[in-house]
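Enquirer: So that you have it, the file is protein.txt, and it contains compact mmCIF, C-alpha atoms:
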# COMPACT_ATOMS: atom_id res chain seq x y z
CA MET R 1314 124.67 3.63 13.37
CA LYS R 1315 126.54 2.09 16.30
CA PHE R 1316 128.92 -0.81 15.76
CA THR R 1317 130.48 -3.29 18.16
CA ILE R 1318 133.47 -5.04 16.64
CA ALA R 1319 134.94 -8.37 17.74
CA VAL R 1320 138.38 -9.70 16.79
CA HIS R 1321 138.83 -13.48 17.10
CA GLY R 1322 142.07 -14.13 15.20
CA ALA R 1323 145.65 -13.70 16.41
CA PRO R 1324 148.19 -11.46 14.66
CA TYR R 1325 150.37 -13.46 12.22
CA ALA R 1326 148.04 -16.49 12.44
CA SER R 1327 145.25 -14.65 10.64
CA LEU R 1328 144.33 -11.36 8.98
CA ALA R 1329 141.53 -10.71 11.49
CA ASN R 1330 143.29 -7.71 13.04
CA GLU R 1331 144.27 -6.06 9.76
CA ARG R 1332 140.70 -6.47 8.48
CA ALA R 1333 139.15 -5.21 11.71
CA LEU R 1334 141.43 -2.15 11.78
CA LYS R 1335 140.50 -1.20 8.22
CA PHE R 1336 136.83 -1.87 8.92
CA CYS R 1337 136.90 0.30 12.05
CA SER R 1338 138.43 3.19 10.09
CA ALA R 1339 135.79 2.78 7.38
CA VAL R 1340 132.98 2.73 9.97
CA LEU R 1341 134.12 6.05 11.43
CA ALA R 1342 134.85 7.57 8.01
CA ALA R 1343 131.24 6.82 7.04
CA GLY R 1344 130.04 8.79 10.06
CA HIS R 1345 129.10 5.84 12.28
CA ASP R 1346 130.19 5.17 15.86
CA ILE R 1347 132.05 2.29 17.52
CA VAL R 1348 130.80 1.18 20.94
CA ARG R 1349 133.94 -0.87 21.59
CA VAL R 1350 136.34 -3.33 20.01
CA PHE R 1351 136.24 -6.66 21.84
CA PHE R 1352 139.14 -9.13 21.59
CA TYR R 1353 138.19 -12.79 22.07
CA HIS R 1354 139.73 -16.24 21.49
CA GLU R 1355 143.29 -15.79 20.09
CA GLY R 1356 142.36 -12.22 19.16
CA VAL R 1357 143.47 -11.21 22.67
CA LEU R 1358 147.09 -11.61 21.52
CA ALA R 1359 146.76 -8.28 19.67
CA ALA R 1360 147.06 -6.68 23.12
CA LEU R 1361 150.40 -8.32 23.95
CA ASP R 1362 152.88 -5.55 24.74
CA SER R 1363 155.96 -7.77 24.48
CA THR R 1364 155.68 -8.29 20.72
CA VAL R 1365 158.20 -6.68 18.34
CA ALA R 1366 156.96 -6.47 14.77
CA PRO R 1367 159.49 -6.83 11.92
CA GLN R 1368 160.48 -3.36 10.66
CA ASP R 1369 158.88 -3.83 7.26
CA GLU R 1370 155.61 -5.25 8.60
CA ILE R 1371 152.56 -3.80 10.26
CA ASP R 1372 152.76 -3.51 14.06
CA ILE R 1373 149.23 -4.58 14.97
CA THR R 1374 149.42 -3.66 18.64
CA ARG R 1375 150.75 -0.13 17.90
CA GLU R 1376 148.16 0.35 15.13
CA TRP R 1377 145.34 -0.45 17.55
CA GLN R 1378 146.89 1.88 20.15
CA LYS R 1379 147.14 4.72 17.61
CA PHE R 1380 143.59 4.11 16.45
CA ALA R 1381 142.20 4.05 19.99
CA LEU R 1382 144.06 7.21 20.94
CA GLN R 1383 142.98 9.15 17.84
CA GLN R 1384 139.38 7.98 17.88
CA ASN R 1385 138.90 7.53 21.62
CA THR R 1386 137.88 3.91 21.06
CA GLU R 1387 137.62 1.34 23.84
CA LEU R 1388 139.85 -1.72 23.27
CA ALA R 1389 138.37 -4.43 25.47
CA VAL R 1390 140.20 -7.72 26.01
CA CYS R 1391 138.29 -10.69 27.44
CA ILE R 1392 139.96 -11.29 30.80
CA ALA R 1393 139.32 -15.05 30.88
CA ASN R 1394 140.62 -15.57 27.34
CA GLY R 1395 143.45 -13.12 27.98
CA LEU R 1396 144.82 -14.50 31.25
CA LYS R 1397 145.28 -18.01 29.90
CA ARG R 1398 147.10 -16.60 26.85
CA GLY R 1399 149.49 -14.45 28.85
CA LEU R 1400 147.76 -11.07 28.95
CA LEU R 1401 148.38 -9.47 32.34
CA SER R 1402 147.54 -5.99 33.57
CA THR R 1403 149.61 -4.78 36.52
CA GLU R 1404 146.73 -5.72 38.80
CA GLU R 1405 146.54 -9.28 37.42
CA GLN R 1406 150.34 -9.60 37.44
CA ASN R 1407 150.31 -8.89 41.17
CA ARG R 1408 147.28 -11.10 41.80
CA TYR R 1409 148.91 -14.13 40.15
CA ASP R 1410 152.45 -13.27 41.23
CA LYS R 1411 153.92 -13.12 37.71
CA THR R 1412 157.16 -11.34 36.81
CA ALA R 1413 155.86 -8.61 34.52
CA PRO R 1414 152.65 -7.10 33.15
CA THR R 1415 152.11 -7.78 29.43
CA LEU R 1416 148.99 -5.82 28.52
CA ALA R 1417 149.76 -3.00 26.09
CA ALA R 1418 148.68 0.53 27.05
CA GLY R 1419 145.29 1.47 25.67
CA PHE R 1420 143.87 -2.05 26.08
CA GLU R 1421 141.78 -3.07 29.06
CA LEU R 1422 141.03 -6.51 30.53
CA VAL R 1423 137.27 -6.81 30.96
CA GLY R 1424 134.65 -9.44 31.65
CA LEU R 1425 132.75 -11.27 28.95
CA GLY R 1426 129.75 -9.20 29.98
CA GLN R 1427 131.29 -6.29 28.08
CA LEU R 1428 130.86 -8.21 24.82
CA ILE R 1429 127.19 -8.77 25.60
CA ASP R 1430 126.81 -5.14 26.71
CA GLY R 1431 128.47 -4.06 23.45
CA ILE R 1432 126.03 -6.12 21.40
CA ALA R 1433 123.10 -4.70 23.43
CA ALA R 1434 124.28 -1.14 22.83
CA ALA R 1435 125.04 -1.53 19.10
CA ASP R 1436 122.91 -1.61 15.97
CA ARG R 1437 125.41 -3.92 14.32
CA TYR R 1438 127.79 -6.55 15.69
CA VAL R 1439 130.60 -7.43 13.30
CA GLU R 1440 133.06 -10.22 14.01
CA PHE R 1441 136.46 -10.89 12.45
CA PRO R 1442 137.21 -14.62 12.70
CA ALA R 1443 140.60 -16.29 12.59
CA MET I 1213 115.57 -8.48 24.63
CA LYS I 1214 118.07 -9.14 21.84
CA LYS I 1215 118.24 -12.45 20.07
CA VAL I 1216 121.76 -13.85 19.81
CA LEU I 1217 122.85 -17.05 18.11
CA VAL I 1218 126.16 -18.65 19.00
CA VAL I 1219 127.50 -20.84 16.18
CA VAL I 1220 129.91 -23.60 17.18
CA ASN I 1221 131.66 -25.27 14.25
CA GLN I 1222 134.85 -26.52 15.88
CA PRO I 1223 135.19 -29.82 17.74
CA PRO I 1224 135.43 -29.75 21.56
CA TYR I 1225 139.15 -30.29 22.21
CA GLN I 1226 141.12 -29.31 19.10
CA SER I 1227 141.11 -25.72 20.34
CA SER I 1228 139.42 -23.73 23.12
CA HIS I 1229 136.97 -22.12 20.70
CA ALA I 1230 133.95 -24.34 21.38
CA LEU I 1231 134.33 -24.00 25.15
CA GLU I 1232 134.84 -20.23 24.93
CA LEU I 1233 131.79 -19.83 22.69
CA ILE I 1234 129.61 -21.86 25.05
CA GLU I 1235 130.83 -19.59 27.87
CA ALA I 1236 129.80 -16.57 25.79
CA ALA I 1237 126.34 -18.12 25.33
CA MET I 1238 126.00 -18.57 29.09
CA VAL I 1239 126.98 -14.97 29.82
CA GLY I 1240 124.55 -13.78 27.14
CA ALA I 1241 121.76 -15.65 28.89
CA VAL I 1242 122.77 -14.16 32.26
CA PHE I 1243 122.36 -10.73 30.62
CA ASP I 1244 118.80 -11.68 29.61
CA PHE I 1245 119.51 -12.15 25.93
CA GLU I 1246 117.46 -14.73 24.10
CA VAL I 1247 120.38 -17.07 23.41
CA SER I 1248 120.44 -20.10 21.15
CA ILE I 1249 123.36 -22.25 20.01
CA LEU I 1250 123.78 -23.90 16.62
CA PHE I 1251 126.23 -26.79 16.31
CA ARG I 1252 127.43 -27.37 12.78
CA GLY I 1253 130.37 -28.89 10.94
CA GLU I 1254 132.83 -30.55 13.34
CA GLY I 1255 131.05 -28.64 16.10
CA VAL I 1256 128.46 -31.42 16.38
CA TRP I 1257 131.03 -33.49 18.33
CA ASN I 1258 130.55 -31.12 21.27
CA LEU I 1259 127.10 -32.64 21.76
CA LEU I 1260 128.30 -36.21 22.13
CA GLY I 1261 127.44 -37.53 25.59
CA ASP I 1262 129.79 -39.51 27.81
CA GLN I 1263 132.84 -37.27 27.22
CA ASN I 1264 135.74 -37.25 29.62
CA ALA I 1265 138.38 -34.60 29.01
CA SER I 1266 140.36 -35.19 32.19
CA PRO I 1267 143.09 -37.22 30.37
CA LEU I 1268 143.64 -34.03 28.33
CA GLY I 1269 143.63 -31.84 31.41
CA ARG I 1270 140.70 -29.91 29.98
CA ARG I 1271 137.16 -29.13 31.02
CA THR I 1272 134.59 -31.61 29.75
CA VAL I 1273 132.44 -29.74 27.25
CA SER I 1274 129.46 -32.11 27.47
CA LYS I 1275 129.18 -31.39 31.22
CA LEU I 1276 129.00 -27.68 30.45
CA LEU I 1277 126.33 -28.33 27.84
CA ALA I 1278 124.31 -30.40 30.29
CA ALA I 1279 124.20 -27.31 32.53
CA LEU I 1280 122.86 -25.03 29.79
CA PRO I 1281 119.17 -25.30 30.73
CA THR I 1282 119.96 -23.90 34.20
CA TYR I 1283 121.54 -20.91 32.44
CA ASP I 1284 118.35 -20.38 30.44
CA VAL I 1285 120.06 -21.30 27.19
CA SER I 1286 117.27 -23.55 26.09
CA SER I 1287 117.33 -23.40 22.29
CA LEU I 1288 119.92 -25.79 20.96
CA PHE I 1289 120.13 -26.61 17.27
CA VAL I 1290 122.22 -29.03 15.29
CA CYS I 1291 122.89 -29.25 11.56
CA THR I 1292 121.25 -32.41 10.21
CA GLU I 1293 123.89 -32.92 7.52
CA ALA I 1294 126.79 -32.52 9.94
CA LEU I 1295 125.19 -34.96 12.37
CA ASN I 1296 124.81 -37.51 9.58
CA GLN I 1297 128.36 -36.93 8.40
CA ALA I 1298 129.64 -37.63 11.91
CA ALA I 1299 127.41 -40.75 11.99
CA LEU I 1300 125.89 -39.51 15.24
CA LYS I 1301 122.34 -40.34 16.31
CA THR I 1302 120.17 -37.97 18.32
CA ASP I 1303 120.04 -40.42 21.26
CA GLN I 1304 123.84 -40.06 21.62
CA LEU I 1305 123.57 -36.33 22.34
CA VAL I 1306 124.11 -35.07 25.88
CA VAL I 1307 121.21 -32.60 25.59
CA PRO I 1308 118.31 -32.53 23.13
CA ALA I 1309 118.96 -30.36 20.07
CA ALA I 1310 116.56 -29.61 17.23
CA LEU I 1311 117.69 -30.83 13.81
CA LEU I 1312 117.94 -28.11 11.17
CA SER I 1313 118.58 -28.34 7.42
CA PRO I 1314 120.98 -25.76 5.93
CA GLN I 1315 117.92 -23.84 4.66
CA GLU I 1316 116.36 -23.81 8.14
CA GLN I 1317 119.70 -22.63 9.56
CA ALA I 1318 119.64 -19.68 7.17
CA GLY I 1319 116.19 -18.82 8.53
CA LEU I 1320 117.41 -19.11 12.12
CA ILE I 1321 120.37 -16.81 11.40
CA ALA I 1322 118.13 -14.29 9.65
CA ARG I 1323 115.95 -14.00 12.79
CA GLN I 1324 118.89 -12.97 15.03
CA ASP I 1325 120.08 -9.55 16.14
CA ALA I 1326 123.63 -10.85 16.33
CA VAL I 1327 125.57 -14.02 15.56
CA ILE I 1328 128.67 -14.93 17.59
CA GLY I 1329 131.25 -17.41 16.28
CA GLY I 1330 130.92 -19.66 13.29
Take the structure in this file and express it as structure tokens.

Expert:
Amino acid sequence: MKFTIAVHGAPYASLANERALKFCSAVLAAGHDIVRVFFYHEGVLAALDSTVAPQDEIDITREWQKFALQQNTELAVCIANGLKRGLLSTEEQNRYDKTAPTLAAGFELVGLGQLIDGIAAADRYVEFPA
Amino acid sequence: MKKVLVVVNQPPYQSSHALELIEAAMVGAVFDFEVSILFRGEGVWNLLGDQNASPLGRRTVSKLLAALPTYDVSSLFVCTEALNQAALKTDQLVVPAALLSPQEQAGLIARQDAVIGG
């Protein structure tokens, strides 16, 4: 079965990311596939490269990066939700003349259409709210 | 054509959630999904006509909702209990929305391929 996963909650403000990470691992362990993980609302903050997690706590951004690298999973960040919350690829940093890019490697800024495309391509759409 | 329901249960200006969910509904309709929106809980306040969010420096949600028919998002639903709780009458709504009991909402959700928000 194919799954599209959406993350709506921010790290530290909710457990959405921790839950989604565990769910994604379970989906693959059960032999299913993930079309993409789509970050929406405050969930986009999981892609913020400038965060430094406390040493004795989970580093959400790095965990997603590790997961995506190991499993070849697409981490899609809504560009409209991302830009207004400070998520900038190098391209967007140049476009808006900001001082530094902030999008962590492994994440991609995409249009909202990619959420709809993900739902169209999946058998199941599972959302992790704030 | 997939059936997608967008559930809005947050008020229009406390956060950006309602606005962002309505945007998702519009994009879904552009992609030829059969999109409907259910307003429940505090989300019913999004439907109130005569909003003006310019003092807040925000986009006026009711104006966006008024444009929904042109985006082919034609099925709008509202929770009867939430509407009553907010003391709102149907003639105060910016666009017509069908009243649904909690039981009818369960039926609506069961008929969907996917549910966004809520």

Enquirer: Using all atoms listed in the file, I'd like a table of the residues in chain R that come within 9 Å of chain I; for each, show the closest atom pair and its distance in Å rounded to one decimal, ordered by chain and ascending number, as JSON lines.

Expert:
{"residue": "R:His1321", "atom": "CA", "partner": "I:Gly1329", "partner_atom": "CA", "distance": 8.6}
{"residue": "R:Tyr1353", "atom": "CA", "partner": "I:Glu1232", "partner_atom": "CA", "distance": 8.6}
{"residue": "R:His1354", "atom": "CA", "partner": "I:His1229", "partner_atom": "CA", "distance": 6.5}
{"residue": "R:Glu1355", "atom": "CA", "partner": "I:His1229", "partner_atom": "CA", "distance": 9.0}
{"residue": "R:Asn1394", "atom": "CA", "partner": "I:Glu1232", "partner_atom": "CA", "distance": 7.8}
{"residue": "R:Leu1425", "atom": "CA", "partner": "I:Ala1236", "partner_atom": "CA", "distance": 6.8}
{"residue": "R:Gly1426", "atom": "CA", "partner": "I:Val1239", "partner_atom": "CA", "distance": 6.4}
{"residue": "R:Leu1428", "atom": "CA", "partner": "I:Ala1236", "partner_atom": "CA", "distance": 8.5}
{"residue": "R:Ile1429", "atom": "CA", "partner": "I:Gly1240", "partner_atom": "CA", "distance": 5.9}
{"residue": "R:Asp1430", "atom": "CA", "partner": "I:Phe1243", "partner_atom": "CA", "distance": 8.1}
{"residue": "R:Ile1432", "atom": "CA", "partner": "I:Ala1326", "partner_atom": "CA", "distance": 7.3}
{"residue": "R:Ala1433", "atom": "CA", "partner": "I:Lys1214", "partner_atom": "CA", "distance": 6.9}
{"residue": "R:Asp1436", "atom": "CA", "partner": "I:Asp1325", "partner_atom": "CA", "distance": 8.4}
{"residue": "R:Arg1437", "atom": "CA", "partner": "I:Ala1326", "partner_atom": "CA", "distance": 7.4}
{"residue": "R:Tyr1438", "atom": "CA", "partner": "I:Ala1326", "partner_atom": "CA", "distance": 6.0}
{"residue": "R:Val1439", "atom": "CA", "partner": "I:Ala1326", "partner_atom": "CA", "distance": 8.3}
{"residue": "R:Glu1440", "atom": "CA", "partner": "I:Ile1328", "partner_atom": "CA", "distance": 7.4}
{"residue": "R:Pro1442", "atom": "CA", "partner": "I:Gly1329", "partner_atom": "CA", "distance": 7.5}

Enquirer: Could you tell me how far CA of Gln1384 in chain R lies from CA of Phe1420 in chain R, in Å and to one decimal?

Expert: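 Taking CA of Gln1384 in chain R and CA of Phe1420 in chain R, their separation equals 13.7 Å.
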
Enquirer: Excluding range 1279-1291 of chain I and its own-chain neighbours fewer than 3 positions away, which residues fall within 7 Å of it when counting only C-alpha atoms? Please give them as a ChimeraX atom specification.

Expert: /I:1238,1241-1242,1247-1252,1256,1275-1276,1294-1295,1309-1314

Enquirer: Take the residues that were just selected and, keeping C-alpha atoms, output them as a compact mmCIF listing (two decimals), in the frame of the given file.

Expert:
# COMPACT_ATOMS: atom_id res chain seq x y z
CA MET I 1238 126.00 -18.57 29.09
CA ALA I 1241 121.76 -15.65 28.89
CA VAL I 1242 122.77 -14.16 32.26
CA VAL I 1247 120.38 -17.07 23.41
CA SER I 1248 120.44 -20.10 21.15
CA ILE I 1249 123.36 -22.25 20.01
CA LEU I 1250 123.78 -23.90 16.62
CA PHE I 1251 126.23 -26.79 16.31
CA ARG I 1252 127.43 -27.37 12.78
CA VAL I 1256 128.46 -31.42 16.38
CA LYS I 1275 129.18 -31.39 31.22
CA LEU I 1276 129.00 -27.68 30.45
CA ALA I 1294 126.79 -32.52 9.94
CA LEU I 1295 125.19 -34.96 12.37
CA ALA I 1309 118.96 -30.36 20.07
CA ALA I 1310 116.56 -29.61 17.23
CA LEU I 1311 117.69 -30.83 13.81
CA LEU I 1312 117.94 -28.11 11.17
CA SER I 1313 118.58 -28.34 7.42
CA PRO I 1314 120.98 -25.76 5.93

Enquirer: At a cut-off of 10 Å, using all atoms listed in the file, what residues contact Leu1334 in chain R? Leave out same-chain residues fewer than 6 positions from it and give the result as an mmCIF file with C-alpha atoms, in the frame of the given file.

Expert:
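Final output, saved to part_30.cif:
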data_model
loop_
_atom_site.group_PDB
_atom_site.id
_atom_site.type_symbol
_atom_site.label_atom_id
_atom_site.label_comp_id
_atom_site.auth_asym_id
_atom_site.auth_seq_id
_atom_site.Cartn_x
_atom_site.Cartn_y
_atom_site.Cartn_z
ATOM 1 C CA ILE R 1318 133.470 -5.040 16.640
ATOM 2 C CA VAL R 1320 138.380 -9.700 16.790
ATOM 3 C CA VAL R 1340 132.980 2.730 9.970
ATOM 4 C CA VAL R 1350 136.340 -3.330 20.010
ATOM 5 C CA ILE R 1373 149.230 -4.580 14.970
ATOM 6 C CA GLU R 1376 148.160 0.350 15.130
ATOM 7 C CA TRP R 1377 145.340 -0.450 17.550
ATOM 8 C CA PHE R 1380 143.590 4.110 16.450
#

Enquirer: Using all atoms listed in the file and a cutoff of 10 Å, can you tell me which residues are near (137.2, -8.0, 30.2) in the file's coordinates, and write them out as a tab-separated table (two decimals) with C-alpha atoms, in the frame of the given file?

Expert:
chain	number	residue	atom	x	y	z
R	1351	PHE	CA	136.24	-6.66	21.84
R	1352	PHE	CA	139.14	-9.13	21.59
R	1353	TYR	CA	138.19	-12.79	22.07
R	1388	LEU	CA	139.85	-1.72	23.27
R	1389	ALA	CA	138.37	-4.43	25.47
R	1390	VAL	CA	140.20	-7.72	26.01
R	1391	CYS	CA	138.29	-10.69	27.44
R	1392	ILE	CA	139.96	-11.29	30.80
R	1393	ALA	CA	139.32	-15.05	30.88
R	1394	ASN	CA	140.62	-15.57	27.34
R	1395	GLY	CA	143.45	-13.12	27.98
R	1420	PHE	CA	143.87	-2.05	26.08
R	1421	GLU	CA	141.78	-3.07	29.06
R	1422	LEU	CA	141.03	-6.51	30.53
R	1423	VAL	CA	137.27	-6.81	30.96
R	1424	GLY	CA	134.65	-9.44	31.65
R	1425	LEU	CA	132.75	-11.27	28.95
R	1426	GLY	CA	129.75	-9.20	29.98
R	1427	GLN	CA	131.29	-6.29	28.08
R	1428	LEU	CA	130.86	-8.21	24.82

Enquirer: Step by step, gather every atom of range 1245-1259 of chain I that the file lists, find the box along x, y and z that holds them, add 3 Å on each side, and finally give centre and edge lengths in Å to one decimal, as lines of an AutoDock Vina configuration file.

Expert:
center_x = 125.1
center_y = -22.8
center_z = 18.4
size_x = 21.4
size_y = 27.3
size_z = 21.0

Enquirer: Could you work out how far CA of Val1357 in chain R lies from CA of Leu1328 in chain R, giving the answer in Å with one decimal?

Expert: 13.7 Å
